[in-house]
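Q: Okay, here's the structure, questions in a sec.
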Amino acid sequence: MTVQTSTPGGLHINPYEKRWIKLSIILLLFFALAVGVSAFAFGYQVPIPEQRVNPMKITASGPFAHPGLRELAPGKYEAYILAHIWAFTPNEMHVPVGSRVTFYVTSRDVQHGFLLQGTNVNAQVIPGYVSTLSYHFTKPGTYTFVCNEYCGLGHQSMYGRIIVEPR
Ligand code: CUA
């Protein structure tokens, strides 16, 4: 008895191997479907770098020379946050409840992370790039943000908070 099957090209594939090939193709199709559903049905997006900056010069001029919260219109803010070893500048911001805040985060030294706990705001912070995410604060409270990429000895002390005040 033979365990070999023959294809029209004369290539012999073991039936077990054939089963695994089929399974791998099914898995790839399943993963492609999962990515498609999360991207188009749930709106998950890969964070893209908003703009490129020179990490050597960002503290000399531009919005990261004076990072902080700016009010664009009532209830609409932008927050420029500079990550560095081992802190965020600024590390405390106050906004009224109902505000939408767009975060612009970059690093002047090594790779950091920016995770706003309890929300879906989570980005890598890479020197040379500005990561941008926005969030609508519908509930008052204290929202802690942390560095979630290991960046050296003081990594665990990199955090800050956003205080969402009731109206
Ligand atoms: Cu910055 Cu970890």
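Starting from 1 in every chain, residues are counted up; chains themselves are A, B, ... following the order of the structure tokens, and ligands are numbered from 1 as listed.
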Let me see if you get this right: every residue at most 10 Å from ligand 1, counting only C-alpha atoms and all ligand atoms, written as a list in words.
A: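 Those within range of ligand 1 are Ala83, His84, Ile85, Trp86, Ala87, Phe88, Ser107, Asp109, Val110, Gln111, His112, Gly113, Phe114, Gln124, Val125, Val146, Cys147, Asn148, Glu149, Tyr150, Cys151, Gly152, Leu153, Gly154, His155, Gln156, Ser157, Met158 and Tyr159 of chain A.
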Q: Near stretch 136-143 of chain A, counting only C-alpha atoms, which residues have an atom at most 9 Å away, once you skip same-chain residues fewer than 6 positions from it, shown as an mmCIF file with N, CA and C atoms, in the first residue's frame?
A:
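Result file follows (around_14.cif):
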```
data_model
loop_
_atom_site.group_PDB
_atom_site.id
_atom_site.type_symbol
_atom_site.label_atom_id
_atom_site.label_comp_id
_atom_site.auth_asym_id
_atom_site.auth_seq_id
_atom_site.Cartn_x
_atom_site.Cartn_y
_atom_site.Cartn_z
ATOM 1 N N VAL A 95 -9.486 68.550 32.292
ATOM 2 C CA VAL A 95 -10.480 68.920 31.268
ATOM 3 C C VAL A 95 -11.878 68.705 31.847
ATOM 4 N N PRO A 96 -12.856 69.472 31.373
ATOM 5 C CA PRO A 96 -14.225 69.226 31.843
ATOM 6 C C PRO A 96 -14.808 67.984 31.168
ATOM 7 N N VAL A 97 -15.747 67.353 31.852
ATOM 8 C CA VAL A 97 -16.374 66.146 31.300
ATOM 9 C C VAL A 97 -17.071 66.495 29.974
ATOM 10 N N GLY A 98 -17.055 65.557 29.055
ATOM 11 C CA GLY A 98 -17.644 65.791 27.739
ATOM 12 C C GLY A 98 -16.624 66.266 26.713
ATOM 13 N N SER A 99 -15.374 66.463 27.163
ATOM 14 C CA SER A 99 -14.353 66.976 26.242
ATOM 15 C C SER A 99 -13.816 65.897 25.325
ATOM 16 N N ARG A 100 -13.442 66.334 24.133
ATOM 17 C CA ARG A 100 -12.706 65.461 23.225
ATOM 18 C C ARG A 100 -11.259 65.963 23.172
ATOM 19 N N VAL A 101 -10.344 65.069 23.486
ATOM 20 C CA VAL A 101 -8.927 65.447 23.530
ATOM 21 C C VAL A 101 -8.173 64.661 22.466
ATOM 22 N N THR A 102 -7.428 65.375 21.638
ATOM 23 C CA THR A 102 -6.551 64.721 20.669
ATOM 24 C C THR A 102 -5.139 64.762 21.244
ATOM 25 N N LEU A 116 -3.584 54.976 27.931
ATOM 26 C CA LEU A 116 -4.522 55.664 28.815
ATOM 27 C C LEU A 116 -5.448 54.597 29.384
ATOM 28 N N GLN A 117 -5.271 54.313 30.673
ATOM 29 C CA GLN A 117 -5.954 53.169 31.274
ATOM 30 C C GLN A 117 -7.466 53.306 31.251
ATOM 31 N N GLY A 118 -8.115 52.196 30.933
ATOM 32 C CA GLY A 118 -9.568 52.157 30.883
ATOM 33 C C GLY A 118 -10.140 52.658 29.565
ATOM 34 N N THR A 119 -9.273 52.980 28.597
ATOM 35 C CA THR A 119 -9.726 53.457 27.283
ATOM 36 C C THR A 119 -9.013 52.634 26.206
ATOM 37 N N GLY A 160 1.289 59.565 34.270
ATOM 38 C CA GLY A 160 0.676 60.870 34.489
ATOM 39 C C GLY A 160 -0.824 60.675 34.601
ATOM 40 N N ARG A 161 -1.554 61.774 34.707
ATOM 41 C CA ARG A 161 -3.003 61.590 34.796
ATOM 42 C C ARG A 161 -3.777 62.729 34.161
ATOM 43 N N ILE A 162 -4.963 62.375 33.738
ATOM 44 C CA ILE A 162 -5.889 63.348 33.186
ATOM 45 C C ILE A 162 -7.086 63.370 34.131
ATOM 46 N N ILE A 163 -7.348 64.538 34.650
ATOM 47 C CA ILE A 163 -8.459 64.661 35.585
ATOM 48 C C ILE A 163 -9.640 65.266 34.841
ATOM 49 N N VAL A 164 -10.682 64.459 34.718
ATOM 50 C CA VAL A 164 -11.885 64.882 34.011
ATOM 51 C C VAL A 164 -12.868 65.375 35.071
ATOM 52 N N GLU A 165 -13.070 66.691 35.057
ATOM 53 C CA GLU A 165 -13.861 67.332 36.116
ATOM 54 C C GLU A 165 -15.343 67.390 35.753
ATOM 55 N N PRO A 166 -16.208 67.162 36.756
ATOM 56 C CA PRO A 166 -17.641 67.300 36.472
ATOM 57 C C PRO A 166 -17.979 68.760 36.207
ATOM 58 N N ARG A 167 -18.980 68.987 35.392
ATOM 59 C CA ARG A 167 -19.376 70.386 35.068
ATOM 60 C C ARG A 167 -20.155 71.012 36.214
#
```
Q: From a DSSP calculation on the backbone, collect every residue of stretch 21-112 of chain A in strand (DSSP E) and output the set as a ChimeraX atom specification.
A: /A:49-52,68-73,76-84,87-89,92-96,100-107,112
Q: Would you save the residues of that selection, restricted to N, CA and C atoms, as an mmCIF file, in the first residue's frame?
A:
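See selection_22.cif below for the written result:
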```
data_model
loop_
_atom_site.group_PDB
_atom_site.id
_atom_site.type_symbol
_atom_site.label_atom_id
_atom_site.label_comp_id
_atom_site.auth_asym_id
_atom_site.auth_seq_id
_atom_site.Cartn_x
_atom_site.Cartn_y
_atom_site.Cartn_z
ATOM 1 N N PRO A 49 1.916 57.013 12.071
ATOM 2 C CA PRO A 49 2.602 58.235 12.505
ATOM 3 C C PRO A 49 2.003 59.442 11.810
ATOM 4 N N GLU A 50 1.553 60.413 12.612
ATOM 5 C CA GLU A 50 0.880 61.602 12.091
ATOM 6 C C GLU A 50 1.892 62.477 11.339
ATOM 7 N N GLN A 51 3.047 62.621 11.914
ATOM 8 C CA GLN A 51 4.050 63.479 11.300
ATOM 9 C C GLN A 51 5.423 63.067 11.813
ATOM 10 N N ARG A 52 6.427 63.460 11.088
ATOM 11 C CA ARG A 52 7.786 63.152 11.511
ATOM 12 C C ARG A 52 8.399 64.415 12.113
ATOM 13 N N GLY A 68 1.813 70.573 26.332
ATOM 14 C CA GLY A 68 0.723 70.842 27.266
ATOM 15 C C GLY A 68 -0.610 70.787 26.560
ATOM 16 N N LEU A 69 -1.611 71.195 27.317
ATOM 17 C CA LEU A 69 -2.993 71.130 26.853
ATOM 18 C C LEU A 69 -3.389 72.472 26.252
ATOM 19 N N ARG A 70 -4.016 72.436 25.070
ATOM 20 C CA ARG A 70 -4.515 73.680 24.481
ATOM 21 C C ARG A 70 -5.993 73.507 24.155
ATOM 22 N N GLU A 71 -6.764 74.537 24.451
ATOM 23 C CA GLU A 71 -8.199 74.486 24.145
ATOM 24 C C GLU A 71 -8.418 75.084 22.760
ATOM 25 N N LEU A 72 -8.982 74.287 21.859
ATOM 26 C CA LEU A 72 -9.213 74.754 20.494
ATOM 27 C C LEU A 72 -10.577 75.423 20.384
ATOM 28 N N ALA A 73 -11.535 74.847 21.101
ATOM 29 C CA ALA A 73 -12.916 75.345 21.119
ATOM 30 C C ALA A 73 -13.506 74.791 22.410
ATOM 31 N N LYS A 76 -13.129 71.053 23.206
ATOM 32 C CA LYS A 76 -12.247 70.456 22.206
ATOM 33 C C LYS A 76 -10.810 70.860 22.540
ATOM 34 N N TYR A 77 -9.984 69.843 22.804
ATOM 35 C CA TYR A 77 -8.624 70.121 23.250
ATOM 36 C C TYR A 77 -7.617 69.346 22.425
ATOM 37 N N GLU A 78 -6.390 69.865 22.421
ATOM 38 C CA GLU A 78 -5.286 69.045 21.937
ATOM 39 C C GLU A 78 -4.232 69.025 23.031
ATOM 40 N N ALA A 79 -3.619 67.849 23.207
ATOM 41 C CA ALA A 79 -2.621 67.680 24.264
ATOM 42 C C ALA A 79 -1.313 67.241 23.617
ATOM 43 N N TYR A 80 -0.310 68.097 23.721
ATOM 44 C CA TYR A 80 1.025 67.738 23.245
ATOM 45 C C TYR A 80 1.797 67.178 24.420
ATOM 46 N N ILE A 81 2.205 65.924 24.314
ATOM 47 C CA ILE A 81 2.868 65.258 25.431
ATOM 48 C C ILE A 81 4.230 64.762 24.965
ATOM 49 N N LEU A 82 5.242 65.148 25.721
ATOM 50 C CA LEU A 82 6.602 64.727 25.396
ATOM 51 C C LEU A 82 7.016 63.624 26.367
ATOM 52 N N ALA A 83 7.380 62.472 25.805
ATOM 53 C CA ALA A 83 7.856 61.361 26.625
ATOM 54 C C ALA A 83 9.379 61.411 26.636
ATOM 55 N N HIS A 84 9.948 61.158 27.785
ATOM 56 C CA HIS A 84 11.416 61.139 27.890
ATOM 57 C C HIS A 84 11.773 60.278 29.084
ATOM 58 N N ALA A 87 9.769 60.188 32.344
ATOM 59 C CA ALA A 87 8.574 60.945 32.714
ATOM 60 C C ALA A 87 7.839 61.408 31.461
ATOM 61 N N PHE A 88 6.629 61.892 31.683
ATOM 62 C CA PHE A 88 5.873 62.555 30.620
ATOM 63 C C PHE A 88 5.786 64.027 30.991
ATOM 64 N N THR A 89 5.920 64.903 29.994
ATOM 65 C CA THR A 89 5.706 66.332 30.209
ATOM 66 C C THR A 89 4.583 66.777 29.288
ATOM 67 N N GLU A 92 0.139 66.050 34.261
ATOM 68 C CA GLU A 92 -1.210 66.217 34.802
ATOM 69 C C GLU A 92 -1.968 67.258 33.984
ATOM 70 N N MET A 93 -3.186 66.898 33.587
ATOM 71 C CA MET A 93 -4.009 67.800 32.786
ATOM 72 C C MET A 93 -5.444 67.730 33.294
ATOM 73 N N HIS A 94 -6.136 68.861 33.221
ATOM 74 C CA HIS A 94 -7.536 68.921 33.680
ATOM 75 C C HIS A 94 -8.427 69.323 32.515
ATOM 76 N N VAL A 95 -9.486 68.550 32.292
ATOM 77 C CA VAL A 95 -10.480 68.920 31.268
ATOM 78 C C VAL A 95 -11.878 68.705 31.847
ATOM 79 N N PRO A 96 -12.856 69.472 31.373
ATOM 80 C CA PRO A 96 -14.225 69.226 31.843
ATOM 81 C C PRO A 96 -14.808 67.984 31.168
ATOM 82 N N ARG A 100 -13.442 66.334 24.133
ATOM 83 C CA ARG A 100 -12.706 65.461 23.225
ATOM 84 C C ARG A 100 -11.259 65.963 23.172
ATOM 85 N N VAL A 101 -10.344 65.069 23.486
ATOM 86 C CA VAL A 101 -8.927 65.447 23.530
ATOM 87 C C VAL A 101 -8.173 64.661 22.466
ATOM 88 N N THR A 102 -7.428 65.375 21.638
ATOM 89 C CA THR A 102 -6.551 64.721 20.669
ATOM 90 C C THR A 102 -5.139 64.762 21.244
ATOM 91 N N PHE A 103 -4.546 63.584 21.352
ATOM 92 C CA PHE A 103 -3.209 63.479 21.931
ATOM 93 C C PHE A 103 -2.163 63.426 20.826
ATOM 94 N N TYR A 104 -1.134 64.220 20.989
ATOM 95 C CA TYR A 104 0.035 64.163 20.106
ATOM 96 C C TYR A 104 1.205 63.799 21.007
ATOM 97 N N VAL A 105 1.761 62.623 20.795
ATOM 98 C CA VAL A 105 2.799 62.159 21.715
ATOM 99 C C VAL A 105 4.054 61.793 20.926
ATOM 100 N N THR A 106 5.188 62.258 21.413
ATOM 101 C CA THR A 106 6.453 61.846 20.805
ATOM 102 C C THR A 106 7.509 61.699 21.893
ATOM 103 N N SER A 107 8.645 61.163 21.509
ATOM 104 C CA SER A 107 9.741 60.935 22.458
ATOM 105 C C SER A 107 10.954 61.717 21.999
ATOM 106 N N HIS A 112 9.118 54.751 23.879
ATOM 107 C CA HIS A 112 8.234 54.643 25.033
ATOM 108 C C HIS A 112 6.860 54.160 24.552
#
```
Q: Hey, can you check how far atom CA of A:Ala60 sits from atom CA of A:Pro90?
A: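 Calculated distance between atom CA of A:Ala60 and atom CA of A:Pro90 is 16.5 Å.
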Q: So, counting only C-alpha atoms, which residue among A:Phe145, A:Pro74, A:Gly62, A:Pro55 is closest to A:Tyr129?
A: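 When distances to A:Tyr129 are compared using only C-alpha atoms, the smallest one comes from A:Pro55.
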Q: Atom CA of A:Ser131 to atom CA of A:Ile58: how many Å, to one decimal?
A: 14.3 Å
Q: Measuring between only C-alpha atoms, which one of A:Tyr135, A:Pro15, A:Phe31, A:Trp20 shows the shortest distance to A:Gly75?
A: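 For A:Gly75, the nearest of the given residues is A:Tyr135.
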Q: Can you measure atom CA of A:Asn91 to atom CA of A:Ala65 for me? One decimal in Å is fine.
A: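 Atom CA of A:Ala65 lies 15.2 Å from atom CA of A:Asn91.
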Q: For the structure I just gave you, how does DSSP split stretch 15-167 of chain A - specifically, which residues are alpha helix (DSSP H)? Reply as a list in words.
A: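 The residues of stretch 15-167 of chain A classed as alpha helix (DSSP H) are Pro15, Tyr16, Glu17, Lys18, Arg19, Trp20, Ile21, Lys22, Leu23, Ser24, Ile25, Ile26, Leu27, Leu28, Leu29, Phe30, Phe31, Ala32, Leu33, Ala34, Val35, Gly36, Val37, Ser38, Ala39 and Phe40 of chain A.
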